[in-house]
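Read the structure below first, then the notes.
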Amino acid sequence: MTEQAAANRYARALFEVSLDNGDPRRTDSDVAAFQKLVDGHPALGRVMRNRAISTVAKRSVVAAILDRTPETSPIVRRLLLMLSERGRLHLLPLLLAAYRDRLTAHLGIVRARVTTASPLDAGRVASITERLKAATGRQVTLETAVDESLVGGMVTRIGGTIFDGSLAHHLDRLRQRFMTA
């Protein structure tokens with residue numbers, strides 16, 4: 001089983017347990033807080049990813065961290081201890097991303113990415129967000145990126161669908177028409 005597939009299975013199980021027994025948003029924030037802690041301390045991250053360090057030692061480290069963070073939900077505590085016992089703590093970033101995908105889908109939120117040739121101001125981002133919300137009928141979380149090779153226009157990705165309205169794309173299509181004509 002690939003690491004992504006394993007992370008997806010853990011995320012699915014975590015999400016189902018969170019829906020049944022807790023607050024899925026709190027689960028997200030607790031897992032993210034632990035991941036941020038690991039990311040913020042490079043030595044701790046190396047310990048968690050190092051397969052040469054025993055699972056017993058990793059579990060002890062995780063247990064010590066959880067003892068100092070009593071606000072962490074019991075669901076996330078069990079997950080982190082289980083991952084440490086199974087030598088799967090390195091899956092946490094993939095698991096968190098997969099969990100967030102499930103959470104946003106459950107909440108009716110769609111993620112969109114808009115890439116433009118130059119940075120967008122806040123007003124334009126708000127306008128695009130509202131238009132995407134109207135088009136999809138769902139809440140939209142918009143991420144922006146800049147790619148100067150687009151020349152102008154924008155490329156919008158919503159889930160697996162891409163709408164390419166860039167000037168570079170239109171020029172390429174025009175070039176292809178001239179070549180075939």
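Letters A, B, ... mark the chains of the structure tokens in the order given; residue numbers begin at 1 per chain; ligand numbers begin at 1, in order shown.
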
Neighbouring residues of stretch 89-92 of chain A were defined as those with any atom within 6 Å, considering only C-alpha atoms; residues of the same chain fewer than 4 positions away were excluded. Please report them as a ChimeraX atom specification. /A:7,49,83-84,96

Using DSSP on the backbone coordinates, identify the residues of chain A assigned to helix (DSSP H, G or I); present them as a PyMOL selection string. chain A and resi 3-21+24-40+42-49+55-67+74-85+89-106+122-136+148-150+167-180

- Task: Write down as an MDAnalysis selection string the residues of stretch 43-135 of chain A whose backbone DSSP state falls under strand (DSSP E or B).
- Result: chainID A and resid 109:116

Once you have the residues from the selection above, write them out as a PDB file, in the first residue's frame, restricted to C-alpha atoms.
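This is the output file part_26.pdb:
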ATOM      1  CA  ILE A 109     -16.786  24.113   0.800  1.00  0.00           C
ATOM      2  CA  VAL A 110     -14.958  23.855  -2.492  1.00  0.00           C
ATOM      3  CA  ARG A 111     -11.330  24.869  -2.902  1.00  0.00           C
ATOM      4  CA  ALA A 112     -10.380  26.876  -5.932  1.00  0.00           C
ATOM      5  CA  ARG A 113      -7.033  28.110  -7.193  1.00  0.00           C
ATOM      6  CA  VAL A 114      -6.726  31.114  -9.465  1.00  0.00           C
ATOM      7  CA  THR A 115      -3.439  31.712 -11.244  1.00  0.00           C
ATOM      8  CA  THR A 116      -2.838  35.076 -12.902  1.00  0.00           C
TER       9      THR A 116
END

Would you mind listing what lies within 10 Å of A:Glu3 as a short mmCIF file (atom, residue, chain, number, x, y, z; two decimals) with N, CA and C atoms, in the first residue's frame, with only C-alpha atoms counted and same-chain residues fewer than 5 positions away left out?
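Generated output (result_4.cif):
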data_model
loop_
_atom_site.label_atom_id
_atom_site.label_comp_id
_atom_site.auth_asym_id
_atom_site.auth_seq_id
_atom_site.Cartn_x
_atom_site.Cartn_y
_atom_site.Cartn_z
N ASN A 8 -4.84 8.13 3.40
CA ASN A 8 -6.26 8.29 3.08
C ASN A 8 -7.13 7.39 3.95
N ARG A 9 -6.68 6.17 4.21
CA ARG A 9 -7.44 5.25 5.06
C ARG A 9 -7.51 5.77 6.49
N ARG A 88 4.04 5.09 11.93
CA ARG A 88 3.40 5.80 10.82
C ARG A 88 3.30 7.30 11.03
N HIS A 90 5.22 9.55 10.15
CA HIS A 90 5.65 10.28 8.95
C HIS A 90 4.48 10.53 7.99
N LEU A 91 3.35 9.83 8.19
CA LEU A 91 2.18 10.02 7.34
C LEU A 91 1.33 11.23 7.74
N LEU A 94 0.35 13.97 5.11
CA LEU A 94 -0.56 13.44 4.10
C LEU A 94 -1.94 13.17 4.69
N LEU A 95 -1.96 12.64 5.91
CA LEU A 95 -3.21 12.35 6.60
C LEU A 95 -3.99 13.65 6.83
#

**Message:** So that I can see what lies close to A:Leu107, please list as a ChimeraX atom specification the residues with an atom at most 10 Å from it, counting only C-alpha atoms and leaving out residues fewer than 2 positions away in the same chain.
**Reply:** /A:24-25,102-105,109-110,138-139

Exercise for review: For A:Val155, please output as a ChimeraX atom specification all residues within 10 Å (counting only C-alpha atoms; exclusion window: fewer than 5 positions along the same chain).
Suggested key: /A:113-117,145,147,150,162-167,169

Would you output that residue set with C-alpha atoms, as a PDB file, in the first residue's frame?
ATOM      1  CA  ARG A 113      -7.033  28.110  -7.193  1.00  0.00           C
ATOM      2  CA  VAL A 114      -6.726  31.114  -9.465  1.00  0.00           C
ATOM      3  CA  THR A 115      -3.439  31.712 -11.244  1.00  0.00           C
ATOM      4  CA  THR A 116      -2.838  35.076 -12.902  1.00  0.00           C
ATOM      5  CA  ALA A 117       0.052  36.830 -14.618  1.00  0.00           C
ATOM      6  CA  ALA A 145      -0.903  32.231  -7.410  1.00  0.00           C
ATOM      7  CA  ASP A 147       2.631  32.802 -13.124  1.00  0.00           C
ATOM      8  CA  LEU A 150       0.345  33.399 -18.647  1.00  0.00           C
ATOM      9  CA  ILE A 162      -9.477  23.613 -15.041  1.00  0.00           C
ATOM     10  CA  PHE A 163     -10.802  26.698 -16.813  1.00  0.00           C
ATOM     11  CA  ASP A 164      -7.959  28.195 -18.822  1.00  0.00           C
ATOM     12  CA  GLY A 165      -8.736  31.770 -19.771  1.00  0.00           C
ATOM     13  CA  SER A 166      -5.113  32.839 -20.021  1.00  0.00           C
ATOM     14  CA  LEU A 167      -3.825  34.880 -22.911  1.00  0.00           C
ATOM     15  CA  HIS A 169      -3.604  29.582 -23.875  1.00  0.00           C
TER      16      HIS A 169
END
